[in-house]
Each structure stands twice: as structure tokens, then as C-alpha cells.
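Here's the structure we're looking at; comments come further down.
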Amino acid sequence: MRNRLSALFMALLLVVYLVLVFQRAVLLFASGSAVGIAMSVALIVIGLVAAWALIRELLFGLRTEKLVKLMAAEGTLPVDDLPHRASGRPLRDAADAEFPQFKAEVEASPESWRAWFRLGLAYDASGDRRRARAALRQAIGLYRTQERAAR
């Protein structure tokens, strides 16, 4: 819950920042000078990219949370019995030892969003955030495809 509140707070701060940036962009555009108009366009483009990134991250968080709830209800989430550091992160050696089991599960069933989701959690426990996010995105994509096919 604390992570969710932190993410919402940061999103709110970014929205306030974007409003201020767009306000400045309008003022620069209204100046009528070539430099002001160029800076205005740059601010608007940067603001749109930031807004797109914010929306994408929020959707990623909501979708992963939905899959966690589904797997928890099914009892298919992996049990977190790894030893942890004082910070709460799993010890990498222990996480790396369990990793091959999750990779083999995806190789055996590449169309399973549950297998990809568990692989994403394993990557995260091993400290590889980039691959964790990629595996979670794959799980989300597979889930959404299966959900559309079921309709």
C-alpha cells in the first residue's frame, strides 16, 4: 500500500509540474519571438513525452497488480522463502539458485502468462530489473490476448 501511495504522490507531482510547464509554453508562444516559439514547442514536446511515460508506468503498475491479485486468488504466486537483506531485498545468490526453475517453466510453456509473470518476479529477485519488466510486460500481453480471445 505504501508503494502505491508513493507512486500516486509522484504522479501527482509530475502532473503539477506538467501543468506549470505547459503554462510556461503558452506564455513563451504568446511572446511572438522565434526563440520563444521554439522553446514553447520544445517544452510541449517534452511535456507530452513525460505525460505518455507517466500514463504508461501507471498502466503497467495497475496491470501487474491485477495479475498479482489473480495469481494470489488462484494460489499460483511463488512463495517468497528466500533469505533477505536488512533492506528487504532477497539475497542474490539464493534468488539466482531458484531462477532456472522459472526459466524452464517459460521454455516449457511460452504461451503461459503465469509462467512469464513468475519469471519476471525471479528476474526482479535476482536484481535484473530490465529483464523483470520485460517478462512482466510479456505476461501482461499474453494475459490481455487470452482475455480478448475468451470474450
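The chains in the C-alpha cells are called A, B, ... from first to last as shown; in each chain the residues are counted from 1, and the ligands are counted from 1 in the order shown.
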key: Selection: 12 Å around Asp81 in chain A, only C-alpha atoms, excl. self and same-chain fewer than 5 positions, as an MDAnalysis selection string   = chainID A and resid 89:91 94:95 98 125
task = Give the alpha helix (DSSP H) residues of range 13-140 of chain A, as assigned by DSSP on the backbone, as a count of residues only.
result = 102
ask   = Closest to Arg114 in chain A among A:Ala86, A:Met39, A:Val45, A:Ala139, using only C-alpha atoms?
value = A:Ala139
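The residue that comes closest to Ala50 in chain A, out of A:Val79, A:Val15, A:Lys69, A:Ala25 and on the basis of only C-alpha atoms, is A:Val15.
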task = Using only C-alpha atoms, pick whichever of A:Asn3, A:Ile37, A:Ile46, A:Leu142 has the shortest atom-to-atom distance to Tyr17 in chain A.
result = A:Ile46
remark   = Here CA of Val26 in chain A and CA of Gly47 in chain A stand apart by 12.4 Å
